[in-house]
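**Q** Next up is a structure, given as structure tokens.
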Amino acid sequence: MKRITLNVNHMMADTMGDKGITRARIDAMNGMLAAAQKNVQENRGKGWQGWMELPYNQAEIVDKIERVAKGVRENFEAFVVLGIGGSALGPIAVQQALNHLHYNELPDEKRNGPRLYVEDNIDPERMAALLDVIDVKKTCFNIITKSGATAETMSQYLIISELLKSKVGADFSKHIIATTDTEKGNLIKLAKAEGFETFYIPSGVGGRFSELCPVGLLPAAVCGIDIRAMLAGAADMDERCKNNNVYENPALMEAALQFICMNEGKNIQVIMPYADSLKYMADWFCQLWAESLGKRETRSGKTINAGQTPVKSLGVTDQHSQLQLYNEGPLDKVITFMKVENFRKETVIPHGCEQFSDVAFLGGMTHNTLIHAEEKGTEYALYKNGRLSQTIVLPEVTPFTIGQLIYFMEMTTAYEGELLDVDAYNQPGVEESKIATYAVLGNTGDKYRMKGEEMKTRPVEKKEYIL
Ligand code: PA5
């Protein structure tokens with residue numbers, strides 16, 4: 001069984017000297033860690049912790065997903081996800097991790113399913129561009145929104161449903177699959193009225209914790225990914241996280257280390273996969289970490305302005321862009337590498353350029369050895385500069401290891417919420433901008449009208465500051 005591991009040597013004082021974290025510092029958190037573990041484990045499946053049970057309670061749903069996915073593969077040449085935030089980042093990340101890096105460009109016979117597009121923005125040029133490359137008559141649209149009310153997603157629905165009606169008439173509903181809450185919101189009402197195929201996001205599963213329910217599983221299955229293996233990977237990580245010993249529970253250890261880092265002013269976590277397949281896993285993690293932990297108040301209402309800013313960086317690409325800052329800039333960062341031990345391909349570098357010794361020495365090596373060497377080199381440079389780093393090691397990128405990785409990051413976030421004493425499952429900071437947007441658009445609901453009035457009290461912009 002291939003398990004992912006967390007190597008924290010370069011976080012610890014044993015390696016990093018006085019820049020590192022001592023075992024005594026971790027041991028001093030014993031009480032806090034025990035309480036975090038108790039709360040997380042005791043509340044599994046309850047409240048917003050429904051996501052913890054997803055590896056176990058979806059047998060019938062997985063059967064249905066595979067059945068519907070097969071139908072989509074047989075009948076459509078493109079599959080378009082319309083969603084945003086937690087309703088989009090997981091599908092993007094898993095597709096990038098587990099399918100061909102140029103999946104959409106492959107000829108039909110070499111692809112495991114229809115072309116996949118995940119439209120997670122309302123840039124008007126984006127919708128126009130999508131419509132340039134798909135034939136809506138041969139496309140299935142998966143509208144994903146937990147709340148069933150998100151303006152971005154519902155506006156996309158309006159555009160697509162009207163277009164479909166004009167192109168395929170009464171059959172338009174056969175081109176739409178809704179993934180939404182069992183009862184809340186508008187999408188479920190539309191789905192029932194129009195007869196859309198529907199999947200449910202369980203009530204205790206929030207957007208950014210929803211990748212392992214139909215939100216992520218349906219697009220993955222449509223594109224031929226083994227979703228049962230993903231869930232098995234998640235269950236395997238769950239077992240490891242039941243361990244109360246912080247030195248044996250990777251997510252609890254990770255939460256403890258990041259908590260210590262935050263307390264020492266390391267308020268930025270750079271997540272740096274050395275694999276193109278994992279670059280959108282970094283995006284998915286950024287949302288999970290930022291939206292869950294960036295909170296003004298503790299659960300009892302004390303102001304703390306908690307959180308750690310996640311930054312995505314891609315190895316080796318960003319060695320030539322951001323690494324200078326990480327090595328010599330402010331001491332406010334911790335670097336999390338993601339390393340793949342065995343890539344699915346090997347690229348051999350041929351011999352040549354013998355007249356140039358510092359090019360010729362590469363001949364006969366592989367890109368596999370080169371990327372590993374560069375990751376090691378970067379780790380060493382950070383070490384020399386007294387910068388903390390750690391490595392999540394994936395023996396290989398498979399549905400099983402990706403399931404582990406997703407669950408590991410979700411568990412770490414849940415533990416961190418406990419340690420910081422914040423509600424990891426809400427997002428009150430997103431509301432202000434939502435309400436203000438609706439006010440700008442002239443929505444006449446009471447709270448939007450009041451917000452519109454409040455917005456008028458803001459100081460008028462001065463011309464001298466517009467250059
Ligand atoms: O994590 C979250 O809850 C959010 O990021 C949501 O996923 C995002 O706002 C989209 O919401 P919805 O799925 O309700 O359209």
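Numbering starts fresh at 1 for the residues of each chain in the structure tokens, the chains themselves are lettered A, B, ... in the order given, and ligands are numbered from 1 as they appear.
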When the cut-off is 6 Å and you count only C-alpha atoms and all ligand atoms, which residues lie near ligand 1, shown as a PyMOL selection string?
**A** chain A and resi 84-87+145-148+150+206-208
**Q** Determine, using only C-alpha atoms, which residues of range 31-82 of chain A have any atom at most 12 Å from an atom of range 170-174 of chain A, and tabulate each with its shortest atom pair and distance in Å to one decimal place, rows ordered by chain and then rising number, as JSON lines.
**A**
{"residue": "A:Val68", "atom": "CA", "partner": "A:Lys174", "partner_atom": "CA", "distance": 11.5}
{"residue": "A:Gly71", "atom": "CA", "partner": "A:Lys174", "partner_atom": "CA", "distance": 10.9}
{"residue": "A:Val72", "atom": "CA", "partner": "A:Lys174", "partner_atom": "CA", "distance": 10.1}
{"residue": "A:Asn75", "atom": "CA", "partner": "A:Lys174", "partner_atom": "CA", "distance": 10.4}
{"residue": "A:Phe76", "atom": "CA", "partner": "A:Lys174", "partner_atom": "CA", "distance": 10.8}
**Q** Would you kindly return, as a PyMOL selection string, each protein, DNA or RNA residue with an atom no farther than 10 Å from any atom of range 426-431 of chain A, considering only C-alpha atoms and excluding same-chain residues fewer than 5 positions away?
**A** chain A and resi 48+206-207+290-296+436-437
**Q** As an MDAnalysis selection string, which residues of range 55-153 of chain A does DSSP assign to strand (DSSP E or B)?
**A** chainID A and resid 78:82 115:119 139:145
**Q** Among range 223-254 of chain A, which residues carry a DSSP assignment of alpha helix (DSSP H), reported as a list in words?
**A**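 Everything in range 223-254 of chain A that counts as alpha helix (DSSP H) is Ile227, Arg228, Ala229, Met230, Leu231, Ala232, Gly233, Ala234, Ala235, Asp236, Met237, Asp238, Glu239, Arg240, Cys241, Pro250, Ala251, Leu252, Met253 and Glu254 of chain A.
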**Q** Between A:Lys192, A:Lys333, A:His367, A:Lys345, which one has atoms that come closest to Ala178 in chain A, using only C-alpha atoms?
**A**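 Nearest candidate to Ala178 in chain A out of A:Lys192, A:Lys333, A:His367, A:Lys345: A:Lys192.
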**Q** Find the residues around range 393-406 of chain A up to 8 Å (only C-alpha atoms counted), leave out those fewer than 6 positions away in its own chain, and share them as number ranges by chain.
**A** A: 2-7, 94, 97-98, 225-227, 229-237, 338-344
**Q** Excluding Ala251 in chain A and its own-chain neighbours fewer than 4 positions away, which residues fall within 6 Å of it when counting only C-alpha atoms? Please give them as a list in words.
**A** Phe408, Met411 and Thr412 of chain A
**Q** Can I get the selection written as an mmCIF file, in the first residue's frame, with all heavy atoms?
**A**
data_model
loop_
_atom_site.group_PDB
_atom_site.id
_atom_site.type_symbol
_atom_site.label_atom_id
_atom_site.label_comp_id
_atom_site.auth_asym_id
_atom_site.auth_seq_id
_atom_site.Cartn_x
_atom_site.Cartn_y
_atom_site.Cartn_z
ATOM 1 N N PHE A 408 -5.717 14.431 4.202
ATOM 2 C CA PHE A 408 -4.652 14.944 5.086
ATOM 3 C C PHE A 408 -4.793 16.463 5.248
ATOM 4 O O PHE A 408 -4.742 16.998 6.366
ATOM 5 C CB PHE A 408 -3.282 14.592 4.493
ATOM 6 C CG PHE A 408 -2.144 15.383 5.054
ATOM 7 C CD1 PHE A 408 -1.659 15.141 6.336
ATOM 8 C CD2 PHE A 408 -1.545 16.395 4.308
ATOM 9 C CE1 PHE A 408 -0.605 15.896 6.854
ATOM 10 C CE2 PHE A 408 -0.499 17.151 4.823
ATOM 11 C CZ PHE A 408 -0.025 16.899 6.100
ATOM 12 N N MET A 411 -7.923 17.319 7.265
ATOM 13 C CA MET A 411 -7.737 17.041 8.695
ATOM 14 C C MET A 411 -6.830 18.093 9.334
ATOM 15 O O MET A 411 -7.099 18.567 10.442
ATOM 16 C CB MET A 411 -7.123 15.646 8.899
ATOM 17 C CG MET A 411 -8.088 14.501 8.763
ATOM 18 S SD MET A 411 -9.478 14.539 9.917
ATOM 19 C CE MET A 411 -8.694 14.206 11.481
ATOM 20 N N THR A 412 -5.758 18.448 8.621
ATOM 21 C CA THR A 412 -4.842 19.461 9.167
ATOM 22 C C THR A 412 -5.602 20.758 9.417
ATOM 23 O O THR A 412 -5.437 21.422 10.451
ATOM 24 C CB THR A 412 -3.673 19.706 8.179
ATOM 25 O OG1 THR A 412 -3.017 18.472 7.934
ATOM 26 C CG2 THR A 412 -2.676 20.705 8.738
#
**Q** I'd like the neighbourhood of Glu183 in chain A as a count of residues only, where a residue qualifies if any of its atoms comes within 12 Å (using only C-alpha atoms), though same-chain residues fewer than 3 positions away should be ignored.
**A** 19
**Q** Need to verify the contact set: range 260-271 of chain A, 9 Å, only C-alpha atoms, exclusion of same-chain residues closer than 5 positions in sequence. Can you return it as a PDB file with C-alpha atoms, in the first residue's frame?
**A**
ATOM      1  CA  ILE A  21      11.288  23.759  16.464  1.00  0.00           C
ATOM      2  CA  ARG A  25       7.960  22.896  22.124  1.00  0.00           C
ATOM      3  CA  ILE A  26       5.720  20.283  20.481  1.00  0.00           C
ATOM      4  CA  ALA A 255      -1.225  21.477  12.517  1.00  0.00           C
ATOM      5  CA  ALA A 282      -1.796  23.855  -4.293  1.00  0.00           C
ATOM      6  CA  ASP A 283      -4.631  26.171  -5.418  1.00  0.00           C
ATOM      7  CA  PHE A 285      -5.164  23.922  -0.551  1.00  0.00           C
ATOM      8  CA  CYS A 286      -4.843  27.725  -0.651  1.00  0.00           C
ATOM      9  CA  ALA A 306      -6.034  34.626  12.855  1.00  0.00           C
ATOM     10  CA  GLY A 307      -4.704  32.926   9.772  1.00  0.00           C
ATOM     11  CA  GLN A 308      -1.663  32.139   7.701  1.00  0.00           C
ATOM     12  CA  THR A 309      -1.474  33.360   4.107  1.00  0.00           C
ATOM     13  CA  PRO A 310      -1.045  30.442   1.702  1.00  0.00           C
ATOM     14  CA  VAL A 311       1.008  31.149  -1.400  1.00  0.00           C
ATOM     15  CA  LYS A 312       1.274  28.866  -4.376  1.00  0.00           C
ATOM     16  CA  SER A 313       4.650  28.321  -5.961  1.00  0.00           C
ATOM     17  CA  LEU A 314       5.609  25.718  -8.568  1.00  0.00           C
ATOM     18  CA  TYR A 326      12.126  32.882   0.126  1.00  0.00           C
ATOM     19  CA  LEU A 331      11.630  35.578   7.944  1.00  0.00           C
ATOM     20  CA  ASP A 332       7.852  35.315   7.775  1.00  0.00           C
ATOM     21  CA  LYS A 333       7.481  32.148   5.704  1.00  0.00           C
ATOM     22  CA  VAL A 334       7.487  28.403   5.962  1.00  0.00           C
ATOM     23  CA  ILE A 335       7.862  26.349   2.780  1.00  0.00           C
ATOM     24  CA  THR A 336       5.880  23.172   2.159  1.00  0.00           C
ATOM     25  CA  PHE A 337       7.276  21.130  -0.710  1.00  0.00           C
ATOM     26  CA  MET A 338       5.263  18.422  -2.413  1.00  0.00           C
TER      27      MET A 338
END
**Q** Between CA of Asn121 in chain A and CA of Leu163 in chain A, what is the spacing in Å?
**A** 18.5 Å
